[in-house]
$ cat query_12.pdb   # PDB, C-alpha atoms
ATOM      1  CA  MET E   1      38.337 -47.778  -9.796
ATOM      2  CA  LYS E   2      35.620 -45.395 -10.948
ATOM      3  CA  ASP E   3      33.092 -44.008  -8.405
ATOM      4  CA  LEU E   4      35.209 -45.325  -5.524
ATOM      5  CA  GLY E   5      33.806 -42.730  -3.092
ATOM      6  CA  PHE E   6      30.221 -43.925  -3.544
ATOM      7  CA  ILE E   7      31.209 -47.604  -3.398
ATOM      8  CA  LEU E   8      33.308 -47.110  -0.247
ATOM      9  CA  ALA E   9      30.542 -45.049   1.381
ATOM     10  CA  SER E  10      28.032 -47.852   0.761
ATOM     11  CA  TRP E  11      30.256 -50.461   2.367
ATOM     12  CA  ILE E  12      31.342 -48.258   5.283
ATOM     13  CA  ILE E  13      27.721 -47.368   6.075
ATOM     14  CA  THR E  14      26.629 -51.023   5.850
ATOM     15  CA  LEU E  15      29.419 -52.613   7.879
ATOM     16  CA  GLY E  16      29.723 -49.598  10.204
ATOM     17  CA  SER E  17      26.009 -49.692  11.121
ATOM     18  CA  ILE E  18      26.159 -53.410  11.859
ATOM     19  CA  GLY E  19      29.312 -52.910  13.930
ATOM     20  CA  VAL E  20      27.790 -50.049  15.936
ATOM     21  CA  LEU E  21      24.627 -52.071  16.691
ATOM     22  CA  ALA E  22      26.724 -55.097  17.723
ATOM     23  CA  ILE E  23      28.907 -53.001  20.056
ATOM     24  CA  MET E  24      25.883 -51.205  21.562
ATOM     25  CA  THR E  25      24.187 -54.582  22.152
ATOM     26  CA  LEU E  26      27.226 -56.089  23.865
ATOM     27  CA  ARG E  27      27.832 -53.016  26.051
ATOM     28  CA  ARG E  28      24.198 -52.906  27.174
ATOM     29  CA  ALA E  29      24.299 -56.674  27.795
ATOM     30  CA  ARG E  30      27.370 -56.295  30.003
ATOM     31  CA  GLU E  31      25.766 -53.436  31.917
ATOM     32  CA  LEU E  32      22.451 -55.265  32.488
ATOM     33  CA  SER E  33      24.081 -58.600  33.204
ATOM     34  CA  SER E  34      25.886 -57.214  36.252
ATOM     35  CA  ARG E  35      22.506 -56.346  37.814
ATOM     36  CA  ILE E  36      20.531 -59.460  36.867
ATOM     37  CA  PRO E  37      21.103 -62.721  38.790
ATOM     38  CA  ASP E  38      22.234 -65.736  36.738
ATOM     39  CA  GLU E  39      19.019 -67.651  37.553
ATOM     40  CA  HIS E  40      17.221 -65.313  35.124
ATOM     41  CA  LYS E  41      19.692 -66.103  32.317
ATOM     42  CA  PRO E  42      18.845 -69.552  30.947
ATOM     43  CA  TRP E  43      21.698 -69.333  28.405
ATOM     44  CA  VAL E  44      24.381 -69.125  31.127
TER      45      VAL E  44
ATOM     46  CA  MET K   1      30.125 -60.835  26.743
ATOM     47  CA  LYS K   2      27.127 -61.504  28.991
ATOM     48  CA  THR K   3      24.621 -62.607  26.372
ATOM     49  CA  GLY K   4      27.128 -64.757  24.513
ATOM     50  CA  THR K   5      27.764 -68.498  24.530
ATOM     51  CA  THR K   6      30.284 -70.678  22.704
ATOM     52  CA  THR K   7      27.756 -71.128  19.871
ATOM     53  CA  THR K   8      27.269 -67.380  19.366
ATOM     54  CA  ARG K   9      31.039 -66.832  19.468
ATOM     55  CA  VAL K  10      31.603 -69.456  16.763
ATOM     56  CA  LEU K  11      28.723 -67.953  14.775
ATOM     57  CA  GLY K  12      30.263 -64.485  15.097
ATOM     58  CA  ILE K  13      33.696 -65.698  13.940
ATOM     59  CA  PHE K  14      32.173 -67.422  10.881
ATOM     60  CA  ALA K  15      30.171 -64.296  10.067
ATOM     61  CA  LEU K  16      33.309 -62.126  10.243
ATOM     62  CA  MET K  17      35.329 -64.515   8.073
ATOM     63  CA  ILE K  18      32.677 -64.741   5.345
ATOM     64  CA  THR K  19      32.123 -60.964   5.449
ATOM     65  CA  ALA K  20      35.870 -60.438   4.958
ATOM     66  CA  TRP K  21      35.782 -62.754   1.915
ATOM     67  CA  VAL K  22      32.794 -60.869   0.464
ATOM     68  CA  VAL K  23      34.558 -57.500   0.838
ATOM     69  CA  VAL K  24      37.752 -58.796  -0.818
ATOM     70  CA  SER K  25      35.804 -60.429  -3.645
ATOM     71  CA  ALA K  26      33.482 -57.452  -4.165
ATOM     72  CA  PHE K  27      36.366 -54.969  -4.423
ATOM     73  CA  PHE K  28      39.196 -56.949  -6.018
ATOM     74  CA  LEU K  29      38.047 -60.231  -7.595
ATOM     75  CA  THR K  30      34.693 -59.702  -9.278
ATOM     76  CA  PRO K  31      34.641 -57.959 -12.667
ATOM     77  CA  ALA K  32      33.006 -54.609 -13.336
ATOM     78  CA  ASP K  33      29.584 -54.817 -14.967
ATOM     79  CA  VAL K  34      29.441 -54.265 -18.744
ATOM     80  CA  VAL K  35      26.680 -51.671 -18.362
ATOM     81  CA  GLN K  36      27.019 -50.285 -14.831
ATOM     82  CA  GLY K  37      30.816 -50.455 -14.492
ATOM     83  CA  ASP K  38      32.307 -50.473 -10.979
ATOM     84  CA  SER K  39      29.111 -49.199  -9.368
ATOM     85  CA  VAL K  40      27.878 -52.818  -9.439
ATOM     86  CA  ARG K  41      30.182 -53.425  -6.429
ATOM     87  CA  ILE K  42      27.492 -51.740  -4.307
ATOM     88  CA  MET K  43      25.170 -54.635  -5.235
ATOM     89  CA  TYR K  44      27.071 -57.059  -2.933
ATOM     90  CA  ALA K  45      26.030 -54.920   0.051
ATOM     91  CA  HIS K  46      22.667 -53.631  -1.227
ATOM     92  CA  VAL K  47      20.967 -56.893  -2.303
ATOM     93  CA  PRO K  48      21.892 -59.015   0.787
ATOM     94  CA  THR K  49      20.737 -56.228   3.135
ATOM     95  CA  ALA K  50      17.367 -56.152   1.333
ATOM     96  CA  TRP K  51      16.970 -59.945   1.486
ATOM     97  CA  ILE K  52      17.925 -60.045   5.180
ATOM     98  CA  ALA K  53      15.448 -57.250   5.930
ATOM     99  CA  TYR K  54      12.727 -59.406   4.299
ATOM    100  CA  LEU K  55      13.938 -62.423   6.301
ATOM    101  CA  ALA K  56      13.869 -60.367   9.510
ATOM    102  CA  PHE K  57      10.309 -59.185   8.935
ATOM    103  CA  VAL K  58       9.113 -62.704   8.047
ATOM    104  CA  THR K  59      10.821 -63.979  11.239
ATOM    105  CA  THR K  60       9.003 -61.252  13.176
ATOM    106  CA  ALA K  61       5.680 -62.383  11.681
ATOM    107  CA  VAL K  62       6.311 -66.099  12.370
ATOM    108  CA  ALA K  63       7.417 -65.413  15.965
ATOM    109  CA  SER K  64       4.402 -63.127  16.432
ATOM    110  CA  GLY K  65       2.060 -65.821  15.107
ATOM    111  CA  LEU K  66       3.577 -68.362  17.522
ATOM    112  CA  SER K  67       3.321 -65.849  20.348
ATOM    113  CA  LEU K  68      -0.406 -65.396  19.645
ATOM    114  CA  ALA K  69      -1.046 -69.117  19.127
ATOM    115  CA  ARG K  70       0.520 -70.322  22.381
ATOM    116  CA  LYS K  71      -2.062 -71.095  25.067
ATOM    117  CA  HIS K  72       0.347 -70.384  27.902
ATOM    118  CA  ARG K  73       1.599 -66.983  26.924
ATOM    119  CA  THR K  74       5.323 -66.735  27.420
ATOM    120  CA  LEU K  75       7.168 -63.706  26.152
ATOM    121  CA  GLY K  76       9.988 -65.614  24.428
ATOM    122  CA  PHE K  77       8.514 -65.515  20.933
ATOM    123  CA  ASP K  78       7.529 -61.875  21.367
ATOM    124  CA  ARG K  79      11.102 -60.963  22.263
ATOM    125  CA  VAL K  80      12.380 -62.783  19.178
ATOM    126  CA  ALA K  81       9.806 -60.862  17.100
ATOM    127  CA  GLY K  82      10.944 -57.526  18.554
ATOM    128  CA  ALA K  83      14.657 -58.302  18.205
ATOM    129  CA  SER K  84      14.185 -59.448  14.612
ATOM    130  CA  ALA K  85      12.252 -56.291  13.708
ATOM    131  CA  GLU K  86      14.999 -54.097  15.218
ATOM    132  CA  VAL K  87      17.642 -55.790  13.105
ATOM    133  CA  GLY K  88      15.323 -55.743  10.071
ATOM    134  CA  VAL K  89      14.813 -51.994  10.355
ATOM    135  CA  LEU K  90      18.581 -51.464  10.440
ATOM    136  CA  PHE K  91      19.048 -53.648   7.336
ATOM    137  CA  MET K  92      16.162 -51.927   5.541
ATOM    138  CA  ALA K  93      17.730 -48.519   6.317
ATOM    139  CA  MET K  94      21.006 -49.763   4.838
ATOM    140  CA  THR K  95      19.127 -51.009   1.759
ATOM    141  CA  LEU K  96      17.617 -47.549   1.258
ATOM    142  CA  ILE K  97      20.935 -45.731   1.772
ATOM    143  CA  THR K  98      23.056 -48.018  -0.405
ATOM    144  CA  GLY K  99      20.294 -48.061  -3.035
ATOM    145  CA  SER K 100      20.245 -44.287  -2.999
ATOM    146  CA  LEU K 101      24.023 -44.112  -3.542
ATOM    147  CA  TRP K 102      23.813 -46.703  -6.319
ATOM    148  CA  GLY K 103      20.886 -44.824  -7.864
ATOM    149  CA  ARG K 104      22.937 -41.621  -7.966
ATOM    150  CA  LEU K 105      25.552 -43.437 -10.072
ATOM    151  CA  THR K 106      23.200 -45.332 -12.398
ATOM    152  CA  TRP K 107      20.123 -43.096 -12.659
ATOM    153  CA  GLY K 108      21.763 -39.744 -11.849
ATOM    154  CA  THR K 109      19.552 -39.135  -8.808
ATOM    155  CA  PHE K 110      19.548 -40.172  -5.148
ATOM    156  CA  TRP K 111      15.775 -40.599  -4.996
ATOM    157  CA  GLN K 112      12.755 -41.063  -7.257
ATOM    158  CA  TRP K 113       9.170 -41.736  -6.190
ATOM    159  CA  ASP K 114       9.392 -44.985  -8.115
ATOM    160  CA  PRO K 115       7.179 -47.999  -7.119
ATOM    161  CA  ARG K 116      10.060 -50.091  -5.703
ATOM    162  CA  LEU K 117      11.644 -47.215  -3.792
ATOM    163  CA  THR K 118       8.319 -45.919  -2.480
ATOM    164  CA  THR K 119       7.049 -49.337  -1.327
ATOM    165  CA  THR K 120      10.416 -50.051   0.326
ATOM    166  CA  LEU K 121      10.269 -46.732   2.182
ATOM    167  CA  PHE K 122       6.685 -47.531   3.211
ATOM    168  CA  LEU K 123       7.809 -50.938   4.538
ATOM    169  CA  PHE K 124      10.621 -49.262   6.503
ATOM    170  CA  VAL K 125       8.274 -46.675   8.029
ATOM    171  CA  THR K 126       5.749 -49.411   8.940
ATOM    172  CA  TYR K 127       8.361 -51.294  10.965
ATOM    173  CA  VAL K 128       9.657 -48.108  12.595
ATOM    174  CA  GLY K 129       6.031 -47.638  13.710
ATOM    175  CA  TYR K 130       5.940 -51.255  14.914
ATOM    176  CA  LEU K 131       9.045 -50.628  17.041
ATOM    177  CA  ALA K 132       7.543 -47.374  18.370
ATOM    178  CA  ILE K 133       4.414 -49.270  19.470
ATOM    179  CA  ARG K 134       6.582 -51.856  21.218
ATOM    180  CA  ARG K 135       8.144 -49.073  23.271
ATOM    181  CA  VAL K 136       4.798 -47.885  24.656
ATOM    182  CA  ASP K 137       4.991 -48.622  28.343
ATOM    183  CA  VAL K 138       2.254 -51.216  28.936
ATOM    184  CA  ASP K 139       1.999 -54.660  30.440
ATOM    185  CA  PRO K 140       4.369 -56.959  28.419
ATOM    186  CA  VAL K 141       1.586 -59.473  27.641
ATOM    187  CA  ARG K 142      -0.649 -56.778  26.209
ATOM    188  CA  ARG K 143       2.340 -55.337  24.310
ATOM    189  CA  ALA K 144       3.031 -58.785  22.844
ATOM    190  CA  ARG K 145      -0.579 -59.247  21.690
ATOM    191  CA  ARG K 146      -0.830 -55.769  20.185
ATOM    192  CA  SER K 147       2.509 -55.864  18.354
ATOM    193  CA  SER K 148       1.907 -59.440  17.099
ATOM    194  CA  VAL K 149      -1.246 -58.348  15.275
ATOM    195  CA  ILE K 150       0.619 -55.426  13.681
ATOM    196  CA  ALA K 151       3.519 -57.693  12.635
ATOM    197  CA  LEU K 152       1.135 -60.152  10.963
ATOM    198  CA  LEU K 153      -0.417 -57.330   8.953
ATOM    199  CA  ALA K 154       2.854 -55.550   8.133
ATOM    200  CA  VAL K 155       4.483 -58.636   6.614
ATOM    201  CA  LEU K 156       1.877 -58.566   3.816
ATOM    202  CA  GLU K 157       3.746 -55.556   2.386
ATOM    203  CA  ILE K 158       6.773 -57.681   1.438
ATOM    204  CA  PRO K 159       5.257 -59.300  -1.701
ATOM    205  CA  LEU K 160       4.113 -55.837  -2.746
ATOM    206  CA  VAL K 161       7.676 -54.510  -2.456
ATOM    207  CA  HIS K 162       9.231 -57.513  -4.202
ATOM    208  CA  PHE K 163       6.796 -57.587  -7.133
ATOM    209  CA  SER K 164       6.453 -53.805  -7.452
ATOM    210  CA  VAL K 165       8.952 -53.870 -10.358
ATOM    211  CA  VAL K 166       6.710 -56.341 -12.210
ATOM    212  CA  LEU K 167       3.341 -54.854 -11.265
ATOM    213  CA  TRP K 168       4.185 -51.252 -12.203
ATOM    214  CA  ARG K 169       6.527 -49.504 -14.592
ATOM    215  CA  SER K 170       9.651 -48.981 -12.486
ATOM    216  CA  LEU K 171      13.006 -47.266 -12.816
ATOM    217  CA  HIS K 172      14.420 -50.012 -10.599
ATOM    218  CA  GLN K 173      15.681 -53.033 -12.506
ATOM    219  CA  GLU K 174      13.812 -56.342 -12.262
ATOM    220  CA  ALA K 175      15.296 -59.065 -10.064
ATOM    221  CA  SER K 176      18.454 -60.622 -11.560
ATOM    222  CA  VAL K 177      18.316 -63.732  -9.356
ATOM    223  CA  LEU K 178      14.856 -64.203  -7.816
ATOM    224  CA  ASN K 179      13.002 -63.361 -11.026
ATOM    225  CA  THR K 180       9.816 -64.883 -12.404
ATOM    226  CA  ASP K 181      11.410 -66.619 -15.446
ATOM    227  CA  GLY K 182      14.125 -68.382 -13.376
ATOM    228  CA  ASP K 183      16.938 -67.038 -15.567
ATOM    229  CA  VAL K 184      19.925 -65.935 -13.452
ATOM    230  CA  ARG K 185      21.617 -63.020 -15.215
ATOM    231  CA  LEU K 186      24.955 -62.902 -13.374
ATOM    232  CA  ASP K 187      28.557 -64.026 -13.918
ATOM    233  CA  ASP K 188      29.473 -67.096 -11.751
ATOM    234  CA  LEU K 189      31.890 -65.288  -9.421
ATOM    235  CA  MET K 190      29.486 -62.353  -9.080
ATOM    236  CA  LEU K 191      26.701 -64.784  -8.151
ATOM    237  CA  PHE K 192      28.936 -66.651  -5.678
ATOM    238  CA  THR K 193      29.993 -63.377  -4.032
ATOM    239  CA  LEU K 194      26.378 -62.256  -3.834
ATOM    240  CA  PHE K 195      25.312 -65.516  -2.164
ATOM    241  CA  SER K 196      28.329 -65.339   0.168
ATOM    242  CA  GLY K 197      27.049 -61.895   1.159
ATOM    243  CA  VAL K 198      23.614 -63.360   1.871
ATOM    244  CA  VAL K 199      25.175 -66.124   4.007
ATOM    245  CA  ALA K 200      27.401 -63.637   5.900
ATOM    246  CA  PHE K 201      24.523 -61.241   6.601
ATOM    247  CA  THR K 202      22.233 -64.136   7.604
ATOM    248  CA  LEU K 203      24.795 -65.241  10.208
ATOM    249  CA  ILE K 204      25.118 -61.642  11.408
ATOM    250  CA  PHE K 205      21.320 -61.395  11.585
ATOM    251  CA  VAL K 206      21.055 -64.578  13.692
ATOM    252  CA  TRP K 207      23.882 -63.397  15.967
ATOM    253  CA  LEU K 208      22.240 -60.008  16.514
ATOM    254  CA  VAL K 209      18.754 -61.461  17.103
ATOM    255  CA  VAL K 210      20.043 -64.001  19.649
ATOM    256  CA  HIS K 211      21.900 -61.305  21.581
ATOM    257  CA  ARG K 212      19.120 -58.734  21.390
ATOM    258  CA  GLN K 213      16.373 -61.112  22.505
ATOM    259  CA  ARG K 214      18.525 -62.086  25.507
ATOM    260  CA  LEU K 215      19.010 -58.395  26.189
ATOM    261  CA  ALA K 216      15.231 -57.904  26.026
ATOM    262  CA  ALA K 217      14.748 -60.793  28.474
ATOM    263  CA  MET K 218      17.162 -59.150  30.935
ATOM    264  CA  SER K 219      15.443 -55.761  30.487
ATOM    265  CA  ASP K 220      12.066 -57.351  31.305
ATOM    266  CA  VAL K 221      13.528 -59.012  34.418
ATOM    267  CA  GLU K 222      15.084 -55.736  35.534
ATOM    268  CA  ARG K 223      11.766 -53.971  35.041
ATOM    269  CA  LEU K 224       9.890 -56.606  37.079
ATOM    270  CA  VAL K 225      12.524 -56.678  39.830
ATOM    271  CA  GLY K 226      12.375 -52.867  39.970
ATOM    272  CA  LEU K 227       8.590 -53.001  40.145
ATOM    273  CA  ASP K 228       8.668 -55.599  42.925
ATOM    274  CA  ALA K 229      11.154 -53.494  44.878
ATOM    275  CA  ALA K 230       8.975 -50.388  44.444
ATOM    276  CA  ILE K 231       5.862 -52.264  45.637
ATOM    277  CA  THR K 232       7.741 -53.655  48.668
ATOM    278  CA  ALA K 233       9.076 -50.194  49.530
ATOM    279  CA  ARG K 234       5.584 -48.672  49.172
ATOM    280  CA  ARG K 235       4.099 -51.369  51.424
ATOM    281  CA  ALA K 236       6.816 -50.775  54.017
ATOM    282  CA  GLU K 237       6.125 -47.030  53.888
ATOM    283  CA  SER K 238       2.390 -47.503  54.362
ATOM    284  CA  THR K 239       3.011 -49.940  57.264
ATOM    285  CA  VAL K 240       5.237 -47.378  58.997
ATOM    286  CA  GLY K 241       2.715 -44.598  58.241
ATOM    287  CA  GLY K 242      -0.203 -46.781  59.440
ATOM    288  CA  GLY K 243       1.622 -47.611  62.712
ATOM    289  CA  GLY K 244       2.040 -43.880  63.434
ATOM    290  CA  ARG K 245      -1.671 -43.141  63.226
TER     291      ARG K 245
END

$ encode --input "query_12.pdb" --output "structure tokens"
Amino acid sequence: MKDLGFILASWIITLGSIGVLAIMTLRRARELSSRIPDEHKPWV
Amino acid sequence: MKTGTTTTRVLGIFALMITAWVVVSAFFLTPADVVQGDSVRIMYAHVPTAWIAYLAFVTTAVASGLSLARKHRTLGFDRVAGASAEVGVLFMAMTLITGSLWGRLTWGTFWQWDPRLTTTLFLFVTYVGYLAIRRVDVDPVRRARRSSVIALLAVLEIPLVHFSVVLWRSLHQEASVLNTDGDVRLDDLMLFTLFSGVVAFTLIFVWLVVHRQRLAAMSDVERLVGLDAAITARRAESTVGGGGR
């Protein structure tokens, strides 16, 4: 496949950025959740 | 997962499955373009990220409008607006980066001050500014009102970005799907893969916004609890100090 480096870079940046944001969100959620009582979490 | 529920887990699994299909189809099943060759495989990431960025900014505007319109101001809509803008900025950044890489292959340059590229960059910078204003440490109700007005103004840039290729002479190609003459210029499998990408990224967008607005709700609670504790401690200090006088 021609230009594979550019194509791979595009996909790695796209999916990698989404993955990093998702992991950061879940880690922060876990950290905060341990300090916040369940009564303040209507989704629980 | 402390902001997750069964619904978000199912949503996440669906998003991952459809994303996997899009990657396989984009790399191995869809044909190369007759003009652009294999570089067209970037399109399946570039175009959905742009559409989802638009969707995110429109969601921010709608949630901001609802936040302003509600008589009893709750911060729920404002948190959705903020979460959606955060995700939108990420998707817009990916649009700019993937577009730049694609541009290097098709135009021979990473960047041109072309109408589409310039208006897209301007849209990105506007929402980075919106997020910066949201981080100014003020009362959450005032923050909601201020950022809602900005979001309702900023969303007006989207038609300018979308129609920039029609309004001005642009290096960027005109829309192949959402064009003014309604003629879709794509092979069936290419079109299906592109729409699968839009569906996958929409599910990812919803998943991220749900989690991030719950995170914002917990951050606000933590801030208020911390404030209450500080006020109580200060009162206790002044009582002890007052008793000593």

$ closest_residue --input "query_12.pdb" --among "K:Ile42, K:Ala15, K:Val34, K:Leu131" --to "E:Leu8" --atoms "all atoms listed in the file"
K:Ile42

$ residues_around --input "query_12.pdb" --residues "E:Arg27" --least-positions-apart "5" --cutoff "12 Å" --atoms "all atoms listed in the file" --output "VMD selection string"
(chain E and resid 20 to 22 32 to 34) or (chain K and resid 1 to 4 211 to 212 215)

$ interface_residues --input "query_12.pdb" --of "chain E" --to "chain K" --cutoff "8 Å" --atoms "only C-alpha atoms" --output "list in words"
Met1, Lys2, Asp3, Phe6, Ile7, Ser10, Trp11, Ile13, Thr14, Ser17, Ile18, Ala22, Thr25, Leu26, Arg28, Ala29, Arg30, Leu32, Ser33, Arg35, Ile36, His40, Lys41, Trp43 and Val44 of chain E

$ resolve_selection --input "query_12.pdb" --expression "the PyMOL selection byres ((chain K and resi 158) around 10)" --output "list in words"
Ala53, Tyr54, Leu55, Phe57, Val58, Thr119, Thr120, Leu123, Ala154, Val155, Leu156, Glu157, Pro159, Leu160, Val161, His162, Phe163 and Ser164 of chain K

$ write_last_selection --input "query_12.pdb" --atoms "C-alpha atoms" --output "PDB file, keeping the file's coordinate frame"
ATOM      1  CA  ALA K  53      15.448 -57.250   5.930  1.00  0.00           C
ATOM      2  CA  TYR K  54      12.727 -59.406   4.299  1.00  0.00           C
ATOM      3  CA  LEU K  55      13.938 -62.423   6.301  1.00  0.00           C
ATOM      4  CA  PHE K  57      10.309 -59.185   8.935  1.00  0.00           C
ATOM      5  CA  VAL K  58       9.113 -62.704   8.047  1.00  0.00           C
ATOM      6  CA  THR K 119       7.049 -49.337  -1.327  1.00  0.00           C
ATOM      7  CA  THR K 120      10.416 -50.051   0.326  1.00  0.00           C
ATOM      8  CA  LEU K 123       7.809 -50.938   4.538  1.00  0.00           C
ATOM      9  CA  ALA K 154       2.854 -55.550   8.133  1.00  0.00           C
ATOM     10  CA  VAL K 155       4.483 -58.636   6.614  1.00  0.00           C
ATOM     11  CA  LEU K 156       1.877 -58.566   3.816  1.00  0.00           C
ATOM     12  CA  GLU K 157       3.746 -55.556   2.386  1.00  0.00           C
ATOM     13  CA  PRO K 159       5.257 -59.300  -1.701  1.00  0.00           C
ATOM     14  CA  LEU K 160       4.113 -55.837  -2.746  1.00  0.00           C
ATOM     15  CA  VAL K 161       7.676 -54.510  -2.456  1.00  0.00           C
ATOM     16  CA  HIS K 162       9.231 -57.513  -4.202  1.00  0.00           C
ATOM     17  CA  PHE K 163       6.796 -57.587  -7.133  1.00  0.00           C
ATOM     18  CA  SER K 164       6.453 -53.805  -7.452  1.00  0.00           C
TER      19      SER K 164
END

$ closest_residue --input "query_12.pdb" --among "K:Leu29, K:Phe77, K:Leu96, K:Leu171" --to "K:Trp113" --atoms "only C-alpha atoms"
K:Leu171

$ atom_distance --input "query_12.pdb" --atom1 "atom CA of K:Phe192" --atom2 "atom CA of K:Thr59"
24.9 Å

$ axis_aligned_box --input "query_12.pdb" --around "stretch 17-29 of chain E" --padding-each-side "8 Å" --output "lines of an AutoDock Vina configuration file"
center_x = 26.7
center_y = -53.2
center_z = 19.5
size_x = 21.1
size_y = 23.0
size_z = 32.7

$ atom_distance --input "query_12.pdb" --atom1 "atom CA of K:Leu68" --atom2 "atom CA of K:Thr8"
27.7 Å

$ atom_distance --input "query_12.pdb" --atom1 "atom CA of K:Val141" --atom2 "atom CA of K:Val125"
24.4 Å

$ residues_around --input "query_12.pdb" --residues "K:Ile133" --least-positions-apart "6" --cutoff "10 Å" --atoms "only C-alpha atoms" --output "VMD selection string"
chain K and resid 127 143 146 to 147 150

$ decode --input "query_12.pdb" --residues "stretch 176-226 of chain K" --atoms "C-alpha atoms" --output "short mmCIF file (atom, residue, chain, number, x, y, z; two decimals), in the first residue's frame"
data_model
loop_
_atom_site.label_atom_id
_atom_site.label_comp_id
_atom_site.auth_asym_id
_atom_site.auth_seq_id
_atom_site.Cartn_x
_atom_site.Cartn_y
_atom_site.Cartn_z
CA SER K 176 -18.76 14.43 -1.80
CA VAL K 177 -21.78 13.45 0.32
CA LEU K 178 -23.43 16.51 1.90
CA ASN K 179 -23.19 18.62 -1.26
CA THR K 180 -25.67 21.14 -2.62
CA ASP K 181 -26.70 19.13 -5.74
CA GLY K 182 -27.49 15.93 -3.76
CA ASP K 183 -25.23 13.79 -5.96
CA VAL K 184 -23.23 11.30 -3.86
CA ARG K 185 -19.88 10.73 -5.57
CA LEU K 186 -18.68 7.58 -3.78
CA ASP K 187 -18.51 3.83 -4.42
CA ASP K 188 -21.13 1.88 -2.35
CA LEU K 189 -18.66 0.16 -0.01
CA MET K 190 -16.72 3.40 0.45
CA LEU K 191 -19.97 5.18 1.36
CA PHE K 192 -21.02 2.38 3.74
CA THR K 193 -17.62 2.45 5.46
CA LEU K 194 -17.79 6.23 5.75
CA PHE K 195 -21.25 6.09 7.34
CA SER K 196 -20.11 3.25 9.63
CA GLY K 197 -17.33 5.59 10.74
CA VAL K 198 -19.88 8.31 11.46
CA VAL K 199 -22.00 5.86 13.49
CA ALA K 200 -18.95 4.56 15.42
CA PHE K 201 -17.68 8.06 16.24
CA THR K 202 -21.20 9.21 17.19
CA LEU K 203 -21.43 6.36 19.72
CA ILE K 204 -17.95 7.24 21.02
CA PHE K 205 -19.01 10.89 21.26
CA VAL K 206 -22.14 10.02 23.28
CA TRP K 207 -20.12 7.70 25.55
CA LEU K 208 -17.50 10.37 26.21
CA VAL K 209 -20.05 13.15 26.82
CA VAL K 210 -22.06 11.02 29.27
CA HIS K 211 -18.94 10.13 31.25
CA ARG K 212 -17.45 13.62 31.17
CA GLN K 213 -20.64 15.37 32.27
CA ARG K 214 -20.89 12.95 35.20
CA LEU K 215 -17.27 13.72 35.98
CA ALA K 216 -18.08 17.44 35.90
CA ALA K 217 -21.01 16.86 38.27
CA MET K 218 -18.71 15.08 40.74
CA SER K 219 -16.09 17.85 40.41
CA ASP K 220 -18.74 20.48 41.24
CA VAL K 221 -19.88 18.46 44.28
CA GLU K 222 -16.29 18.08 45.46
CA ARG K 223 -15.74 21.81 45.07
CA LEU K 224 -18.90 22.63 47.07
CA VAL K 225 -18.13 20.06 49.77
CA GLY K 226 -14.60 21.48 50.02
#
